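Enquirer: You'll find work_15.pdb just under this line, and it carries PDB, C-alpha atoms and all ligand atoms.
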ATOM      1  CA  MET F   1     119.303 116.427 124.347
ATOM      2  CA  GLY F   2     122.260 115.239 122.331
ATOM      3  CA  GLN F   3     120.185 113.034 120.033
ATOM      4  CA  ILE F   4     118.093 115.815 118.509
ATOM      5  CA  GLY F   5     119.235 116.916 115.093
ATOM      6  CA  LYS F   6     121.059 113.669 114.537
ATOM      7  CA  ASN F   7     119.991 111.455 111.696
ATOM      8  CA  GLY F   8     120.230 107.715 111.250
ATOM      9  CA  TYR F   9     123.502 108.095 109.390
ATOM     10  CA  ASP F  10     125.152 109.988 112.276
ATOM     11  CA  VAL F  11     123.925 107.355 114.693
ATOM     12  CA  LEU F  12     125.379 104.521 112.601
ATOM     13  CA  LEU F  13     128.653 106.385 112.312
ATOM     14  CA  ALA F  14     128.813 106.896 116.070
ATOM     15  CA  LEU F  15     128.150 103.200 116.594
ATOM     16  CA  SER F  16     130.856 102.116 114.152
ATOM     17  CA  ARG F  17     133.307 104.381 116.000
ATOM     18  CA  THR F  18     132.950 102.182 119.080
ATOM     19  CA  ILE F  19     134.716  99.293 117.272
ATOM     20  CA  PRO F  20     138.332 100.562 117.395
ATOM     21  CA  GLY F  21     137.902 101.365 121.088
ATOM     22  CA  PHE F  22     136.658  97.880 121.844
ATOM     23  CA  ILE F  23     139.355  96.186 119.747
ATOM     24  CA  GLY F  24     141.981  98.257 121.568
ATOM     25  CA  SER F  25     140.509  97.367 124.941
ATOM     26  CA  VAL F  26     140.965  93.635 124.247
ATOM     27  CA  GLY F  27     144.727  94.219 124.333
ATOM     28  CA  SER F  28     147.353  91.595 123.649
ATOM     29  CA  PHE F  29     147.116  87.922 124.562
ATOM     30  CA  GLN F  30     149.207  84.783 124.248
ATOM     31  CA  TYR F  31     148.487  81.931 121.877
ATOM     32  CA  GLU F  32     150.920  79.090 121.193
ATOM     33  CA  GLY F  33     153.843  81.009 122.647
ATOM     34  CA  LYS F  34     153.239  84.144 120.572
ATOM     35  CA  THR F  35     151.700  87.496 121.413
ATOM     36  CA  TYR F  36     148.578  88.295 119.418
ATOM     37  CA  ARG F  37     146.140  91.152 119.100
ATOM     38  CA  LEU F  38     142.603  91.271 117.798
ATOM     39  CA  VAL F  39     142.555  93.299 114.559
ATOM     40  CA  ASP F  40     139.118  92.757 113.034
ATOM     41  CA  ASN F  41     135.789  90.978 113.254
ATOM     42  CA  PHE F  42     133.308  90.372 110.475
ATOM     43  CA  ALA F  43     130.363  88.224 109.441
ATOM     44  CA  ALA F  44     131.698  85.681 106.945
ATOM     45  CA  SER F  45     130.153  85.912 103.492
ATOM     46  CA  GLN F  46     131.746  82.621 102.489
ATOM     47  CA  TYR F  47     132.537  79.411 104.356
ATOM     48  CA  MET F  48     135.567  79.857 106.558
ATOM     49  CA  LYS F  49     137.500  77.650 108.940
ATOM     50  CA  CYS F  50     138.646  78.483 112.462
ATOM     51  CA  GLY F  51     142.439  78.734 112.444
ATOM     52  CA  VAL F  52     142.619  77.569 116.058
ATOM     53  CA  CYS F  53     140.342  74.491 116.356
ATOM     54  CA  GLY F  54     139.608  73.768 112.701
ATOM     55  CA  ASN F  55     135.829  74.174 113.160
ATOM     56  CA  TYR F  56     134.108  74.618 109.802
ATOM     57  CA  PRO F  57     132.174  76.597 108.808
ATOM     58  CA  ILE F  58     132.388  79.603 111.123
ATOM     59  CA  PHE F  59     130.045  82.527 110.541
ATOM     60  CA  ASP F  60     131.422  85.220 112.842
ATOM     61  CA  VAL F  61     135.119  85.656 112.202
ATOM     62  CA  SER F  62     137.634  87.380 114.454
ATOM     63  CA  VAL F  63     140.977  88.174 112.868
ATOM     64  CA  ILE F  64     143.967  88.014 115.184
ATOM     65  CA  ARG F  65     147.542  88.989 114.293
ATOM     66  CA  SER F  66     150.783  88.047 115.979
ATOM     67  CA  GLU F  67     153.708  90.390 116.515
ATOM     68  CA  ASP F  68     155.523  88.744 113.608
ATOM     69  CA  GLY F  69     152.574  89.321 111.308
ATOM     70  CA  GLU F  70     150.850  85.935 111.279
ATOM     71  CA  ARG F  71     147.099  86.298 110.814
ATOM     72  CA  LEU F  72     144.483  83.794 111.924
ATOM     73  CA  ASN F  73     140.740  83.708 111.336
ATOM     74  CA  VAL F  74     139.113  82.530 114.542
ATOM     75  CA  GLY F  75     135.563  81.464 115.477
ATOM     76  CA  ASN F  76     133.524  82.723 118.435
ATOM     77  CA  GLY F  77     134.295  80.047 120.996
ATOM     78  CA  CYS F  78     138.013  80.142 120.330
ATOM     79  CA  VAL F  79     138.401  83.914 120.304
ATOM     80  CA  ASP F  80     136.591  84.162 123.647
ATOM     81  CA  ARG F  81     138.772  81.424 125.093
ATOM     82  CA  ILE F  82     142.182  82.639 123.911
ATOM     83  CA  THR F  83     141.519  86.309 124.726
ATOM     84  CA  ASN F  84     139.746  85.302 127.934
ATOM     85  CA  GLN F  85     137.129  87.984 127.141
ATOM     86  CA  ASN F  86     133.594  88.134 125.750
ATOM     87  CA  VAL F  87     134.651  89.254 122.283
ATOM     88  CA  SER F  88     131.948  87.305 120.438
ATOM     89  CA  ILE F  89     129.110  88.695 122.577
ATOM     90  CA  TRP F  90     130.334  92.260 122.062
ATOM     91  CA  PHE F  91     130.256  91.880 118.276
ATOM     92  CA  LYS F  92     126.934  90.037 118.333
ATOM     93  CA  THR F  93     125.448  92.924 120.320
ATOM     94  CA  TYR F  94     127.091  95.407 117.960
ATOM     95  CA  ARG F  95     125.538  93.747 114.895
ATOM     96  CA  LYS F  96     122.105  93.591 116.514
ATOM     97  CA  LYS F  97     122.304  97.296 117.394
ATOM     98  CA  ARG F  98     123.370  98.129 113.867
ATOM     99  CA  GLU F  99     120.475  96.124 112.454
ATOM    100  CA  ASN F 100     118.003  97.909 114.743
ATOM    101  CA  ILE F 101     119.323 101.350 113.825
ATOM    102  CA  ILE F 102     119.074 100.575 110.110
ATOM    103  CA  GLU F 103     115.548  99.292 110.607
ATOM    104  CA  ASN F 104     114.532 102.361 112.633
ATOM    105  CA  ARG F 105     116.411 104.850 110.494
ATOM    106  CA  LYS F 106     113.331 106.633 109.119
ATOM    107  CA  CYS F 107     111.799 106.839 112.562
ATOM    108  CA  ILE F 108     115.041 108.257 114.034
ATOM    109  CA  ASP F 109     115.192 110.923 111.314
ATOM    110  CA  GLY F 110     111.493 111.774 111.645
ATOM    111  CA  LEU F 111     111.416 111.871 115.417
ATOM    112  CA  SER F 112     114.592 113.891 115.582
ATOM    113  CA  SER F 113     113.092 116.564 113.342
ATOM    114  CA  VAL F 114     109.747 116.490 115.216
ATOM    115  CA  LEU F 115     111.571 117.166 118.498
ATOM    116  CA  ALA F 116     113.772 119.823 116.896
ATOM    117  CA  ALA F 117     110.614 121.590 115.666
ATOM    118  CA  TYR F 118     109.156 121.348 119.171
ATOM    119  CA  GLU F 119     112.283 122.910 120.698
ATOM    120  CA  GLN F 120     112.085 125.792 118.242
ATOM    121  CA  ASN F 121     108.440 126.353 119.265
ATOM    122  CA  ASP F 122     107.481 125.342 115.779
ATOM    123  CA  PHE F 123     105.367 122.386 116.768
ATOM    124  CA  LYS F 124     103.164 121.717 119.806
ATOM    125  CA  ILE F 125     103.478 118.485 121.781
ATOM    126  CA  SER F 126     102.198 117.829 125.317
ATOM    127  CA  SER F 127     104.999 117.662 127.865
ATOM    128  CA  GLU F 128     103.998 114.094 128.693
ATOM    129  CA  ASP F 129     104.391 113.026 125.071
ATOM    130  CA  VAL F 130     107.654 114.961 124.685
ATOM    131  CA  GLU F 131     109.160 112.860 127.454
ATOM    132  CA  LYS F 132     107.926 109.672 125.812
ATOM    133  CA  LEU F 133     109.228 110.707 122.392
ATOM    134  CA  ARG F 134     112.633 111.700 123.772
ATOM    135  CA  LYS F 135     112.940 108.374 125.520
ATOM    136  CA  THR F 136     112.027 106.540 122.315
ATOM    137  CA  LEU F 137     114.618 108.512 120.326
ATOM    138  CA  VAL F 138     117.369 107.825 122.851
ATOM    139  CA  GLN F 139     116.520 104.122 122.828
ATOM    140  CA  MET F 140     116.597 103.939 119.051
ATOM    141  CA  CYS F 141     119.880 105.875 118.896
ATOM    142  CA  ASN F 142     121.340 103.376 121.358
ATOM    143  CA  GLY F 143     120.416 100.563 118.993
ATOM    144  CA  LEU F 144     117.490  99.235 120.994
ATOM    145  CA  ASP F 145     114.217  98.382 119.332
ATOM    146  CA  PRO F 146     111.387 100.437 120.887
ATOM    147  CA  ARG F 147     108.133  98.774 121.927
ATOM    148  CA  THR F 148     105.220  98.827 119.480
ATOM    149  CA  LYS F 149     103.353 101.466 121.525
ATOM    150  CA  GLN F 150     106.384 103.774 121.549
ATOM    151  CA  LYS F 151     106.828 103.353 117.825
ATOM    152  CA  GLN F 152     103.166 104.042 117.150
ATOM    153  CA  LEU F 153     103.258 107.285 119.124
ATOM    154  CA  ALA F 154     106.409 108.371 117.282
ATOM    155  CA  GLU F 155     104.946 107.547 113.892
ATOM    156  CA  CYS F 156     101.752 109.361 114.781
ATOM    157  CA  TYR F 157     103.665 112.604 115.487
ATOM    158  CA  ILE F 158     105.919 112.166 112.464
ATOM    159  CA  SER F 159     102.995 111.826 110.061
ATOM    160  CA  TYR F 160     101.009 114.540 111.854
ATOM    161  CA  ARG F 161     103.879 116.955 111.463
ATOM    162  CA  ALA F 162     104.290 116.069 107.787
ATOM    163  CA  GLU F 163     100.593 116.858 107.208
ATOM    164  CA  PRO F 164     100.689 120.701 107.235
ATOM    165  CA  ILE F 165     103.692 120.635 104.934
ATOM    166  CA  ARG F 166     101.775 118.534 102.443
ATOM    167  CA  ASP F 167      98.828 120.938 102.731
ATOM    168  CA  GLN F 168     101.120 123.875 102.142
ATOM    169  CA  GLN F 169     102.522 122.209  99.078
ATOM    170  CA  LYS F 170      99.022 121.508  97.758
ATOM    171  CA  GLU F 171      98.103 125.132  98.401
ATOM    172  CA  LEU F 172     101.202 126.281  96.564
ATOM    173  CA  LYS F 173     100.506 123.963  93.664
ATOM    174  CA  ARG F 174      96.960 125.287  93.392
ATOM    175  CA  LYS F 175      98.245 128.855  93.276
ATOM    176  CA  ILE F 176     100.703 127.964  90.564
ATOM    177  CA  GLU F 177      98.058 126.208  88.518
ATOM    178  CA  VAL F 178      95.680 129.203  88.831
TER     179      VAL F 178
HETATM  180 ZN    ZN F 201     137.862  77.425 116.862
END
Taking this structure as input, can you express it in the form of structure tokens?

Expert:
Amino acid sequence: MGQIGKNGYDVLLALSRTIPGFIGSVGSFQYEGKTYRLVDNFAASQYMKCGVCGNYPIFDVSVIRSEDGERLNVGNGCVDRITNQNVSIWFKTYRKKRENIIENRKCIDGLSSVLAAYEQNDFKISSEDVEKLRKTLVQMCNGLDPRTKQKQLAECYISYRAEPIRDQQKELKRKIEV
């Protein structure tokens, strides 16, 4: 299982590495007699205007650059139209995945270490639950939001596994105090 041992940070990094590949795959396209390429896409933090249709404000901004270095900030509808590809949907999906991973970060870290402990025979889990937990981890690593039931099972194992450690620490503390 490639997801075990990964933490939320690794997963975010892997996701962000899909951007250059996608941008490259869009390739070059023609606009007003010039050849352009997509160079960036970001969520606007200030009001911006589409350099193609003049729509204002645009919230998702694609940056395109021509061979002679002219840069244009372009809104969703226009970038999809002039590239003739679903650029805006790809970045919308990307941002949603990123949001989900950030939200599930603790659960990814916890579940990953629960399953690593299981694989090292350090922690007992029924084979039925192992399958469920693995599936949940893969889903979360892929940027999907698991169902409530899946999340509850994961959180149950994560807190259950943390329990003995807490007890050990208490035990240790008691020994030190004595
Ligand atoms: Zn536009």

Enquirer: Considering all atoms listed in the file, return as a list in words whatever protein or nucleic-acid residues lie within 10 Å of Gln150 of chain F, sequence-local ones (same chain, fewer than 5 positions apart) excluded.

Expert: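 Close residues of Gln150 of chain F: Lys132, Leu133, Lys135, Thr136, Leu137, Asp145, Glu155 and Cys156 of chain F.
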
Enquirer: Mind listing whatever residues come within 10 Å of the point (139.9, 87.3, 112.9)? Use only C-alpha atoms, file coordinates, and give them as a list of chain:residue names.

Expert: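 Output of the proximity query reads F:Arg37, F:Leu38, F:Val39, F:Asp40, F:Asn41, F:Phe42, F:Cys50, F:Gly51, F:Asp60, F:Val61, F:Ser62, F:Val63, F:Ile64, F:Arg65, F:Arg71, F:Leu72, F:Asn73, F:Val74, F:Gly75, F:Asn76, F:Val79.
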
Enquirer: So which residues touch Asn142 of chain F within 9 Å, counting only C-alpha atoms, skipping near sequence neighbours fewer than 5 positions away, as a tab-separated table (two decimals) with C-alpha atoms, in the frame of the given file?

Expert:
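For reference, out25.tsv as written:
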chain	number	residue	atom	x	y	z
F	11	VAL	CA	123.92	107.36	114.69
F	15	LEU	CA	128.15	103.20	116.59
F	97	LYS	CA	122.30	97.30	117.39
F	101	ILE	CA	119.32	101.35	113.82
F	137	LEU	CA	114.62	108.51	120.33

Enquirer: Name the residues captured by the PyMOL selection byres (((chain F and resi 35) around 12) and not hetatm) when it is applied to the shown file; answer as a VMD selection string.

Expert: chain F and resid 27 to 34 36 to 38 64 to 71 82 to 83

Enquirer: Near Val114 of chain F, counting only C-alpha atoms, which residues have an atom at most 8 Å away, once you skip same-chain residues fewer than 6 positions from it, shown as a list in words?

Expert: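 The filter keeps Phe123, Tyr157, Ile158 and Arg161 of chain F.
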
Enquirer: With all atoms listed in the file as the basis for distance, which of F:Arg105, F:Arg81, F:Arg17, F:Arg95 is at the shortest distance from ligand ZN 201 (chain F)?

Expert: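 Smallest separation from ligand ZN 201 (chain F) among the options: F:Arg81.
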
Enquirer: Could you write out as a list in words the residues that the PyMOL selection byres (((chain F and resi 94) around 12) and not hetatm) matches in the shown file?

Expert: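 When the PyMOL selection byres (((chain F and resi 94) around 12) and not hetatm) is applied to the shown file, the picked residues are Leu12, Ala14, Leu15, Ser16, Arg17, Thr18, Ile19, Phe22, Asn41, Phe42, Ala43, Val87, Ser88, Ile89, Trp90, Phe91, Lys92, Thr93, Arg95, Lys96, Lys97, Arg98, Glu99, Asn100, Ile101, Asn142, Gly143 and Leu144 of chain F.
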
Enquirer: Using all atoms listed in the file for the distances, tell me which of F:Asn55, F:Gln46, F:Ser112, F:Asn121 is nearest to ligand ZN 201 (chain F).

Expert: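 The answer is F:Asn55, which sits nearest to ligand ZN 201 (chain F).
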
Enquirer: Determine the nearest neighbour of ligand ZN 201 (chain F) from the options F:Leu153, F:Cys107, F:Cys53, F:Cys141, counting all atoms listed in the file.

Expert: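 Residue with the minimum atom-to-atom distance to ligand ZN 201 (chain F): F:Cys53.
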
Enquirer: Give me the residues within 12 Å of Asp109 of chain F as an mmCIF file with C-alpha atoms, keeping the file's coordinate frame, counting all atoms listed in the file and dropping any in the same chain fewer than 6 places off.

Expert:
data_model
loop_
_atom_site.group_PDB
_atom_site.id
_atom_site.type_symbol
_atom_site.label_atom_id
_atom_site.label_comp_id
_atom_site.auth_asym_id
_atom_site.auth_seq_id
_atom_site.Cartn_x
_atom_site.Cartn_y
_atom_site.Cartn_z
ATOM 1 C CA GLN F 3 120.185 113.034 120.033
ATOM 2 C CA ILE F 4 118.093 115.815 118.509
ATOM 3 C CA GLY F 5 119.235 116.916 115.093
ATOM 4 C CA LYS F 6 121.059 113.669 114.537
ATOM 5 C CA ASN F 7 119.991 111.455 111.696
ATOM 6 C CA GLY F 8 120.230 107.715 111.250
ATOM 7 C CA TYR F 9 123.502 108.095 109.390
ATOM 8 C CA ASP F 10 125.152 109.988 112.276
ATOM 9 C CA VAL F 11 123.925 107.355 114.693
ATOM 10 C CA ILE F 101 119.323 101.350 113.825
ATOM 11 C CA ILE F 102 119.074 100.575 110.110
ATOM 12 C CA GLU F 103 115.548 99.292 110.607
ATOM 13 C CA LEU F 115 111.571 117.166 118.498
ATOM 14 C CA ALA F 116 113.772 119.823 116.896
ATOM 15 C CA LEU F 137 114.618 108.512 120.326
ATOM 16 C CA MET F 140 116.597 103.939 119.051
ATOM 17 C CA CYS F 141 119.880 105.875 118.896
ATOM 18 C CA ALA F 154 106.409 108.371 117.282
ATOM 19 C CA GLU F 155 104.946 107.547 113.892
ATOM 20 C CA ILE F 158 105.919 112.166 112.464
#

Enquirer: Using all atoms listed in the file, find the one residue out of F:Pro57, F:Pro20, F:Gly77, F:Gly110 that sits nearest to ligand ZN 201 (chain F).

Expert: F:Gly77

Enquirer: Mind giving me the straight-line distance from atom CA of Lys151 of chain F to atom CA of Asn104 of chain F in Å, one decimal?

Expert: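 Answer for the atom CA of Lys151 of chain F to atom CA of Asn104 of chain F separation: 9.3 Å.
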
Enquirer: F:Tyr160, F:Gln152, F:Leu111, F:Val26: which is nearest Asp80 of chain F, counting all atoms listed in the file?

Expert: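 Of all the options, F:Val26 lies closest to Asp80 of chain F.
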
Enquirer: I'd like to know which of F:Ile58, F:Ile23, F:Ala162, F:Val138 is closest to ligand ZN 201 (chain F), using only C-alpha atoms and all ligand atoms.

Expert: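 Closest candidate: F:Ile58.
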
Enquirer: For atom CA of Ser159 of chain F and atom CA of Lys106 of chain F, determine how far apart the two atoms are, in Å to one decimal place.

Expert: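 Answer for the atom CA of Ser159 of chain F to atom CA of Lys106 of chain F separation: 11.6 Å.
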
Enquirer: Mind pulling up the distance from atom CA of Ser45 of chain F to atom ZN of ligand ZN 201 (chain F)?

Expert: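 So the two atoms, atom ZN of ligand ZN 201 (chain F) and atom CA of Ser45 of chain F, lie 17.6 Å apart.
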
Enquirer: N, CA and C atoms are what I want for segment 65-88 of chain F; can you complete it accordingly and write them as a PDB file, in the frame of the given file?

Expert:
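For reference, part_13.pdb as written:
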ATOM      1  N   ARG F  65     146.237  88.880 114.945  1.00  0.00           N
ATOM      2  CA  ARG F  65     147.542  88.989 114.293  1.00  0.00           C
ATOM      3  C   ARG F  65     148.646  88.947 115.337  1.00  0.00           C
ATOM      4  N   SER F  66     149.664  88.152 115.031  1.00  0.00           N
ATOM      5  CA  SER F  66     150.783  88.047 115.979  1.00  0.00           C
ATOM      6  C   SER F  66     151.783  89.170 115.710  1.00  0.00           C
ATOM      7  N   GLU F  67     152.690  89.330 116.645  1.00  0.00           N
ATOM      8  CA  GLU F  67     153.708  90.390 116.515  1.00  0.00           C
ATOM      9  C   GLU F  67     154.536  90.226 115.249  1.00  0.00           C
ATOM     10  N   ASP F  68     154.741  88.947 114.840  1.00  0.00           N
ATOM     11  CA  ASP F  68     155.523  88.744 113.608  1.00  0.00           C
ATOM     12  C   ASP F  68     154.640  88.676 112.362  1.00  0.00           C
ATOM     13  N   GLY F  69     153.409  89.127 112.486  1.00  0.00           N
ATOM     14  CA  GLY F  69     152.574  89.321 111.308  1.00  0.00           C
ATOM     15  C   GLY F  69     151.730  88.141 110.874  1.00  0.00           C
ATOM     16  N   GLU F  70     151.698  87.068 111.663  1.00  0.00           N
ATOM     17  CA  GLU F  70     150.850  85.935 111.279  1.00  0.00           C
ATOM     18  C   GLU F  70     149.392  86.250 111.607  1.00  0.00           C
ATOM     19  N   ARG F  71     148.523  86.019 110.614  1.00  0.00           N
ATOM     20  CA  ARG F  71     147.099  86.298 110.814  1.00  0.00           C
ATOM     21  C   ARG F  71     146.312  85.000 110.887  1.00  0.00           C
ATOM     22  N   LEU F  72     145.353  84.964 111.797  1.00  0.00           N
ATOM     23  CA  LEU F  72     144.483  83.794 111.924  1.00  0.00           C
ATOM     24  C   LEU F  72     143.036  84.237 111.958  1.00  0.00           C
ATOM     25  N   ASN F  73     142.178  83.494 111.236  1.00  0.00           N
ATOM     26  CA  ASN F  73     140.740  83.708 111.336  1.00  0.00           C
ATOM     27  C   ASN F  73     140.211  82.768 112.409  1.00  0.00           C
ATOM     28  N   VAL F  74     139.494  83.316 113.370  1.00  0.00           N
ATOM     29  CA  VAL F  74     139.113  82.530 114.542  1.00  0.00           C
ATOM     30  C   VAL F  74     137.607  82.626 114.790  1.00  0.00           C
ATOM     31  N   GLY F  75     136.996  81.505 115.162  1.00  0.00           N
ATOM     32  CA  GLY F  75     135.563  81.464 115.477  1.00  0.00           C
ATOM     33  C   GLY F  75     135.269  82.002 116.869  1.00  0.00           C
ATOM     34  N   ASN F  76     133.969  82.100 117.182  1.00  0.00           N
ATOM     35  CA  ASN F  76     133.524  82.723 118.435  1.00  0.00           C
ATOM     36  C   ASN F  76     134.062  82.063 119.701  1.00  0.00           C
ATOM     37  N   GLY F  77     133.886  80.746 119.779  1.00  0.00           N
ATOM     38  CA  GLY F  77     134.295  80.047 120.996  1.00  0.00           C
ATOM     39  C   GLY F  77     135.785  80.204 121.248  1.00  0.00           C
ATOM     40  N   CYS F  78     136.564  80.067 120.181  1.00  0.00           N
ATOM     41  CA  CYS F  78     138.013  80.142 120.330  1.00  0.00           C
ATOM     42  C   CYS F  78     138.500  81.550 120.660  1.00  0.00           C
ATOM     43  N   VAL F  79     137.911  82.557 120.029  1.00  0.00           N
ATOM     44  CA  VAL F  79     138.401  83.914 120.304  1.00  0.00           C
ATOM     45  C   VAL F  79     138.094  84.294 121.757  1.00  0.00           C
ATOM     46  N   ASP F  80     136.929  83.872 122.243  1.00  0.00           N
ATOM     47  CA  ASP F  80     136.591  84.162 123.647  1.00  0.00           C
ATOM     48  C   ASP F  80     137.557  83.447 124.586  1.00  0.00           C
ATOM     49  N   ARG F  81     137.902  82.228 124.233  1.00  0.00           N
ATOM     50  CA  ARG F  81     138.772  81.424 125.093  1.00  0.00           C
ATOM     51  C   ARG F  81     140.203  81.971 125.099  1.00  0.00           C
ATOM     52  N   ILE F  82     140.763  82.237 123.904  1.00  0.00           N
ATOM     53  CA  ILE F  82     142.182  82.639 123.911  1.00  0.00           C
ATOM     54  C   ILE F  82     142.382  84.091 124.369  1.00  0.00           C
ATOM     55  N   THR F  83     141.367  84.935 124.200  1.00  0.00           N
ATOM     56  CA  THR F  83     141.519  86.309 124.726  1.00  0.00           C
ATOM     57  C   THR F  83     141.085  86.364 126.187  1.00  0.00           C
ATOM     58  N   ASN F  84     140.337  85.343 126.607  1.00  0.00           N
ATOM     59  CA  ASN F  84     139.746  85.302 127.934  1.00  0.00           C
ATOM     60  C   ASN F  84     138.793  86.489 128.156  1.00  0.00           C
ATOM     61  N   GLN F  85     138.111  86.886 127.078  1.00  0.00           N
ATOM     62  CA  GLN F  85     137.129  87.984 127.141  1.00  0.00           C
ATOM     63  C   GLN F  85     135.918  87.648 126.280  1.00  0.00           C
ATOM     64  N   ASN F  86     134.826  88.397 126.513  1.00  0.00           N
ATOM     65  CA  ASN F  86     133.594  88.134 125.750  1.00  0.00           C
ATOM     66  C   ASN F  86     133.571  88.875 124.420  1.00  0.00           C
ATOM     67  N   VAL F  87     134.543  88.582 123.578  1.00  0.00           N
ATOM     68  CA  VAL F  87     134.651  89.254 122.283  1.00  0.00           C
ATOM     69  C   VAL F  87     133.432  88.957 121.410  1.00  0.00           C
ATOM     70  N   SER F  88     133.028  87.687 121.357  1.00  0.00           N
ATOM     71  CA  SER F  88     131.948  87.305 120.438  1.00  0.00           C
ATOM     72  C   SER F  88     130.632  87.967 120.831  1.00  0.00           C
TER      73      SER F  88
END
